[in-house]
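K.L.:
Just passing along the structure, written as structure tokens.
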Amino acid sequence: MTPEHDFFAGIDSDGCVFDTMEVKQKEFFIPLALRYFNLFQVSKAVRETWEFVNLYSVNRGNNRFIALLKVVDLLSERQDIIESGVTLPDLSRLREWTVTESKLGNSTLRKYFEATGYKSLEPILKWSEALNREISEWLHKVSPFMYVRETIDSISSFADILVVSQTPLEALEHEWHTNDIRRYARMIAAQEHGTKTEHIALAAKQKYPDNKILMIGDAIGDLDAARKNGVLFFPVIPGKENESWHQLMNVGIEKFRKGTFRGTYENSLIDSFLKALPENPSWKSIK
């Protein structure tokens with residue numbers, strides 16, 4: 001990307017622009033995980049753990065493979081899982097792959113699987129490919145949150161917009177085109193293009209002043225991407241998405257343009273955001 005404006009805005013998609021997080025996790029991710037990892041025997045515990053990790057904790061918005069590792073780690077510590085005698089999926093090879101690969105997508109996982117022949121990767125790959133296929137087939141016309149269109153339209157008048165996401169590119173293009181907001185984004189950076197930190201670094205760093213770069217997101221990973229790049233962050237708080245976009249539209253944008261975003265205003269937003277996403281689940285004692 002070459003700058004066309006003096007400002008830059010990176011915007012996450014799932015759970016931030018679109019109200020898709022809940023439906024994708026509850027109706028696609030979890031049912032397919034139960035099927036491909038043969039976890040029907042402990043479905044209640046799996047659902048509770050999965051929803052905590054992917055929707056209601058600091059891990060919200062993580063790449064699907066990183067999130068899967070976290071879910072299984074938490075499941076392995078649960079007494080009800082231990083007592084059930086169920087066999088959890090072997091993710092040791094997946095863990096190795098996530099350490100060495102930054103582009104955590106289906107294409108790179110398939111290449112790794114075909115190159116190594118590790119059998120434990122096969123159900124993981126099938127699960128992930130089924131996710132893309134079924135979401136594409138069944139999930140249509142999910143609308144943006146309230147005030148999203150007006151806010152993005154306003155931002156696009158003075159800033160270059162990049163979609164910064166860990167969702168597969170095909171799904172992002174479909175959702176942004178279907179809702180007629182693709183025209184506001186210069187480019188879409190997806191799961192296949194690396195991490196969110198890399199997206200911002202490659203598209204914006206050294207091209208715009210740090211106080212003219214804003215990341216908008218609903219997950220801790222979005223905040224981390226902003227902090228690692230030393231740029232501004234506006235949180236879309238889970239459960240208060242419409243209120244967040246209204247706040248950005250009426251207050252945040254003007255502070256961003258005037259250079260008064262950083263400091264007291266940004267800090268107060270982040271404090272509220274962090275309180276909404278706990279680190280420990282209710283069933284796990286804090287050590």
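By convention in this document, the chains of the structure tokens carry letters A, B, ... by their order, each chain's residues are numbered from 1, and ligands are numbered from 1 in the order they are shown.
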At a cut-off of 9 Å, using only C-alpha atoms, what residues contact A:Leu139? Leave out same-chain residues fewer than 5 positions from it and give the result as a list of chain:residue names.
P.N.:
A:Val23, A:Lys24, A:Glu134
K.L.:
Counting only C-alpha atoms, which residues in stretch 117-193 of chain A sit no more than 8 Å from stretch 239-244 of chain A? For each one, give the nearest pair of atoms and the distance in Å, sorted by chain then residue number, as CSV.
P.N.:
residue,atom,partner,partner_atom,distance
A:Phe145,CA,A:Asn242,CA,6.0
A:Met146,CA,A:Asn242,CA,5.3
A:Tyr147,CA,A:Asn242,CA,6.9
K.L.:
Where does DSSP see alpha helix (DSSP H) in stretch 31-194 of chain A, if you list the residues as an MDAnalysis selection string?
P.N.:
chainID A and resid 31:36 43:55 64:77 79:84 92:100 106:116 122:138 148:156 169:178
K.L.:
Could you list, as a list of chain:residue names, every residue within 8 Å of A:Ser120, counting only C-alpha atoms and ignoring same-chain residues fewer than 4 positions away?
P.N.:
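Close residues of A:Ser120: A:Pro89, A:Asp90, A:Leu91, A:Arg93, A:Ile124.
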K.L.:
Would you mind exporting the chosen residues as a compact mmCIF listing (two decimals), in the first residue's frame, restricted to C-alpha atoms?
P.N.:
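Final output, saved to again-v4.txt:
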# COMPACT_ATOMS: atom_id res chain seq x y z
CA PRO A 89 -6.87 -34.59 20.00
CA ASP A 90 -3.09 -34.78 19.75
CA LEU A 91 -2.00 -31.24 18.93
CA ARG A 93 2.54 -31.38 15.75
CA ILE A 124 -7.23 -30.69 12.23
K.L.:
Skip A:Asp80 itself and residues of its chain fewer than 6 positions away, then list as a list in words all residues within 12 Å of it, counting only C-alpha atoms.
P.N.:
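Returned residues: Gln41, Val42, Ser43, Lys44, Ala45, Val46, Thr49, Leu74, Val86 and Trp283 of chain A.
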K.L.:
Name all residues at most 10 Å from A:Ile216 (count only C-alpha atoms; drop same-chain ones fewer than 3 positions away) and give them as a VMD selection string.
P.N.:
chain A and resid 9 to 13 16 to 17 163 to 164 219 222 to 223 226 232 to 236 245 248
K.L.:
Store the residues picked out above, limited to N, CA and C atoms, as a PDB file, in the first residue's frame.
P.N.:
ATOM      1  N   ALA A   9      -6.112   3.699   9.005  1.00  0.00           N
ATOM      2  CA  ALA A   9      -6.938   2.959   9.960  1.00  0.00           C
ATOM      3  C   ALA A   9      -6.971   1.487   9.584  1.00  0.00           C
ATOM      4  N   GLY A  10      -6.598   0.640  10.519  1.00  0.00           N
ATOM      5  CA  GLY A  10      -6.729  -0.800  10.355  1.00  0.00           C
ATOM      6  C   GLY A  10      -7.981  -1.247  11.091  1.00  0.00           C
ATOM      7  N   ILE A  11      -8.823  -2.020  10.436  1.00  0.00           N
ATOM      8  CA  ILE A  11     -10.097  -2.408  11.041  1.00  0.00           C
ATOM      9  C   ILE A  11     -10.269  -3.924  10.990  1.00  0.00           C
ATOM     10  N   ASP A  12     -10.470  -4.528  12.160  1.00  0.00           N
ATOM     11  CA  ASP A  12     -10.778  -5.953  12.221  1.00  0.00           C
ATOM     12  C   ASP A  12     -12.185  -6.173  11.681  1.00  0.00           C
ATOM     13  N   SER A  13     -12.536  -7.417  11.388  1.00  0.00           N
ATOM     14  CA  SER A  13     -13.824  -7.703  10.749  1.00  0.00           C
ATOM     15  C   SER A  13     -14.771  -8.502  11.640  1.00  0.00           C
ATOM     16  N   CYS A  16     -16.143  -7.322  15.100  1.00  0.00           N
ATOM     17  CA  CYS A  16     -15.830  -5.893  15.188  1.00  0.00           C
ATOM     18  C   CYS A  16     -16.730  -5.108  14.242  1.00  0.00           C
ATOM     19  N   VAL A  17     -16.629  -5.384  12.957  1.00  0.00           N
ATOM     20  CA  VAL A  17     -17.517  -4.780  11.958  1.00  0.00           C
ATOM     21  C   VAL A  17     -18.811  -5.584  11.854  1.00  0.00           C
ATOM     22  N   VAL A 163      -8.395  -3.636   5.981  1.00  0.00           N
ATOM     23  CA  VAL A 163      -9.029  -4.657   6.808  1.00  0.00           C
ATOM     24  C   VAL A 163      -7.912  -5.519   7.380  1.00  0.00           C
ATOM     25  N   VAL A 164      -7.869  -5.649   8.701  1.00  0.00           N
ATOM     26  CA  VAL A 164      -6.814  -6.393   9.398  1.00  0.00           C
ATOM     27  C   VAL A 164      -7.484  -7.550  10.135  1.00  0.00           C
ATOM     28  N   ALA A 219     -10.667  -7.550  20.045  1.00  0.00           N
ATOM     29  CA  ALA A 219      -9.955  -8.626  20.728  1.00  0.00           C
ATOM     30  C   ALA A 219      -8.595  -8.147  21.224  1.00  0.00           C
ATOM     31  N   ASP A 222      -5.926  -7.584  18.742  1.00  0.00           N
ATOM     32  CA  ASP A 222      -5.944  -6.304  18.043  1.00  0.00           C
ATOM     33  C   ASP A 222      -5.181  -5.249  18.845  1.00  0.00           C
ATOM     34  N   LEU A 223      -5.402  -5.248  20.163  1.00  0.00           N
ATOM     35  CA  LEU A 223      -4.678  -4.333  21.048  1.00  0.00           C
ATOM     36  C   LEU A 223      -3.184  -4.621  21.004  1.00  0.00           C
ATOM     37  N   ALA A 226      -1.579  -3.295  17.897  1.00  0.00           N
ATOM     38  CA  ALA A 226      -1.392  -1.841  17.973  1.00  0.00           C
ATOM     39  C   ALA A 226      -0.202  -1.494  18.863  1.00  0.00           C
ATOM     40  N   LEU A 232      -2.141   3.796  17.753  1.00  0.00           N
ATOM     41  CA  LEU A 232      -3.352   4.005  18.534  1.00  0.00           C
ATOM     42  C   LEU A 232      -4.299   2.809  18.443  1.00  0.00           C
ATOM     43  N   PHE A 233      -5.146   2.674  19.472  1.00  0.00           N
ATOM     44  CA  PHE A 233      -6.113   1.579  19.486  1.00  0.00           C
ATOM     45  C   PHE A 233      -7.476   2.050  19.973  1.00  0.00           C
ATOM     46  N   PHE A 234      -8.510   1.670  19.204  1.00  0.00           N
ATOM     47  CA  PHE A 234      -9.883   1.914  19.640  1.00  0.00           C
ATOM     48  C   PHE A 234     -10.579   0.574  19.790  1.00  0.00           C
ATOM     49  N   PRO A 235     -11.072   0.247  21.004  1.00  0.00           N
ATOM     50  CA  PRO A 235     -11.720  -1.052  21.215  1.00  0.00           C
ATOM     51  C   PRO A 235     -13.213  -1.040  20.917  1.00  0.00           C
ATOM     52  N   VAL A 236     -13.656  -2.063  20.206  1.00  0.00           N
ATOM     53  CA  VAL A 236     -15.085  -2.350  20.074  1.00  0.00           C
ATOM     54  C   VAL A 236     -15.363  -3.406  21.130  1.00  0.00           C
ATOM     55  N   TRP A 245     -19.201   1.712  18.483  1.00  0.00           N
ATOM     56  CA  TRP A 245     -19.166   2.382  17.183  1.00  0.00           C
ATOM     57  C   TRP A 245     -19.775   3.773  17.252  1.00  0.00           C
ATOM     58  N   LEU A 248     -17.064   5.949  18.704  1.00  0.00           N
ATOM     59  CA  LEU A 248     -16.035   6.253  17.713  1.00  0.00           C
ATOM     60  C   LEU A 248     -16.533   7.292  16.716  1.00  0.00           C
TER      61      LEU A 248
END
K.L.:
Contacts of stretch 148-152 of chain A at 9 Å or less, counting only C-alpha atoms, minus same-chain residues fewer than 2 places along, as a ChimeraX atom specification?
P.N.:
/A:17-18,144-146,154-157,161,181,184-185,242,245-246,248-250,253
K.L.:
Run DSSP on the backbone and grab whatever in stretch 70-271 of chain A lands in strand (DSSP E or B); send it over as a list in words.
P.N.:
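These are the residues in question: Pro144, Ala159, Asp160, Ile161, Leu162, Val163, Val164, Met187, Ile188, Ala189, Ile213, Leu214, Met215, Ile216, Gly217, Leu232, Phe233, Phe234 and Pro235 of chain A.
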K.L.:
Could the residues in this selection be written to a file with N, CA and C atoms, as a CSV table (one decimal), in the first residue's frame?
P.N.:
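Produced file part_18.csv, reproduced below:
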chain,number,residue,atom,x,y,z
A,144,PRO,N,-23.5,-5.5,9.3
A,144,PRO,CA,-22.6,-4.8,10.2
A,144,PRO,C,-23.3,-4.3,11.4
A,159,ALA,N,-8.6,9.0,5.8
A,159,ALA,CA,-7.6,7.9,6.1
A,159,ALA,C,-7.6,6.8,5.1
A,160,ASP,N,-6.5,6.1,4.9
A,160,ASP,CA,-6.4,4.9,4.1
A,160,ASP,C,-6.9,3.7,5.1
A,161,ILE,N,-7.8,2.9,4.6
A,161,ILE,CA,-8.3,1.9,5.4
A,161,ILE,C,-7.8,0.5,4.9
A,162,LEU,N,-7.4,-0.3,5.9
A,162,LEU,CA,-7.0,-1.7,5.6
A,162,LEU,C,-7.8,-2.6,6.5
A,163,VAL,N,-8.4,-3.6,6.0
A,163,VAL,CA,-9.0,-4.7,6.8
A,163,VAL,C,-7.9,-5.5,7.4
A,164,VAL,N,-7.9,-5.6,8.7
A,164,VAL,CA,-6.8,-6.4,9.4
A,164,VAL,C,-7.5,-7.6,10.1
A,187,MET,N,-7.3,-2.2,0.9
A,187,MET,CA,-7.0,-3.6,0.8
A,187,MET,C,-7.5,-4.4,1.9
A,188,ILE,N,-7.5,-5.8,1.7
A,188,ILE,CA,-7.9,-6.7,2.8
A,188,ILE,C,-6.7,-7.6,3.1
A,189,ALA,N,-6.3,-7.5,4.4
A,189,ALA,CA,-5.2,-8.4,4.9
A,189,ALA,C,-5.8,-9.5,5.7
A,213,ILE,N,-2.0,6.6,13.0
A,213,ILE,CA,-2.3,5.2,12.7
A,213,ILE,C,-3.2,4.7,13.8
A,214,LEU,N,-4.4,4.2,13.4
A,214,LEU,CA,-5.4,3.7,14.4
A,214,LEU,C,-5.8,2.3,14.1
A,215,MET,N,-5.7,1.4,15.1
A,215,MET,CA,-6.2,0.0,14.9
A,215,MET,C,-7.6,0.0,15.7
A,216,ILE,N,-8.6,-0.6,15.0
A,216,ILE,CA,-9.9,-0.7,15.6
A,216,ILE,C,-10.2,-2.2,15.7
A,217,GLY,N,-10.5,-2.7,16.9
A,217,GLY,CA,-10.7,-4.1,17.0
A,217,GLY,C,-11.5,-4.5,18.3
A,232,LEU,N,-2.1,3.8,17.8
A,232,LEU,CA,-3.4,4.0,18.5
A,232,LEU,C,-4.3,2.8,18.4
A,233,PHE,N,-5.1,2.7,19.5
A,233,PHE,CA,-6.1,1.6,19.5
A,233,PHE,C,-7.5,2.0,20.0
A,234,PHE,N,-8.5,1.7,19.2
A,234,PHE,CA,-9.9,1.9,19.6
A,234,PHE,C,-10.6,0.6,19.8
A,235,PRO,N,-11.1,0.2,21.0
A,235,PRO,CA,-11.7,-1.1,21.2
A,235,PRO,C,-13.2,-1.0,20.9
K.L.:
Measuring atom to atom with only C-alpha atoms, identify which of A:Glu101, A:Phe7, A:Thr167, A:Asp218 is nearest to A:Val231.
P.N.:
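Going through A:Glu101, A:Phe7, A:Thr167, A:Asp218 one by one, the smallest distance to A:Val231 is for A:Phe7.
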K.L.:
Return the single residue from A:Ile220, A:Leu104, A:Ala204, A:Leu34 that is closest to A:Pro3, with distances computed using only C-alpha atoms.
P.N.:
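Among A:Ile220, A:Leu104, A:Ala204, A:Leu34, it is A:Ala204 that comes nearest to A:Pro3.
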K.L.:
Check the smallest atom-to-atom distance from each of A:Thr197, A:Ser102, A:Trp50, A:Leu277 to A:Glu27 using only C-alpha atoms, then report the winner.
P.N.:
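Closest to A:Glu27 of all the choices is A:Trp50.
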K.L.:
List the neighbours of A:Val142 out to 9 Å using only C-alpha atoms; skip same-chain residues closer than 3 positions along the sequence, and give me the result as a ChimeraX atom specification.
P.N.:
/A:18-20,139,175,178-179
K.L.:
Only C-alpha atoms, please: the residues just picked out, written as a PDB file, in the first residue's frame.
P.N.:
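Listing of out-v4.pdb after writing:
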ATOM      1  CA  PHE A  18     -19.833  -7.792  11.649  1.00  0.00           C
ATOM      2  CA  ASP A  19     -21.886  -9.547  14.304  1.00  0.00           C
ATOM      3  CA  THR A  20     -20.451 -12.904  13.227  1.00  0.00           C
ATOM      4  CA  LEU A 139     -23.735 -18.133   6.480  1.00  0.00           C
ATOM      5  CA  GLU A 175     -18.775 -10.219   3.577  1.00  0.00           C
ATOM      6  CA  THR A 178     -22.119  -8.272   0.091  1.00  0.00           C
ATOM      7  CA  ASN A 179     -22.642  -5.424   2.528  1.00  0.00           C
TER       8      ASN A 179
END
K.L.:
Expressed in Å to a single decimal, how great is the separation between atom CA of A:Pro281 and atom CA of A:Ala67?
P.N.:
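Atom CA of A:Ala67 lies 14.5 Å from atom CA of A:Pro281.
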K.L.:
Would you please work out which residue, of A:Leu88, A:Ala171, A:Leu94, A:Val99, is nearest to A:Lys119 when using only C-alpha atoms?
P.N.:
A:Leu94
K.L.:
Given the choices A:Leu121, A:Leu32, A:Met1, A:Val251, which gets closest to A:Leu269 if the distance is worked out from only C-alpha atoms?
P.N.:
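Looking only at the distances to A:Leu269, the closest residue turns out to be A:Val251.
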K.L.:
To one decimal place in Å, what is the distance between atom CA of A:Ala33 and atom CA of A:Leu68?
P.N.:
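About the pair atom CA of A:Ala33 and atom CA of A:Leu68: they are 9.3 Å apart.
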K.L.:
Atom CA of A:Thr195 to atom CA of A:Thr260: how many Å, to one decimal?
P.N.:
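Going from atom CA of A:Thr195 over to atom CA of A:Thr260, I get 28.2 Å.
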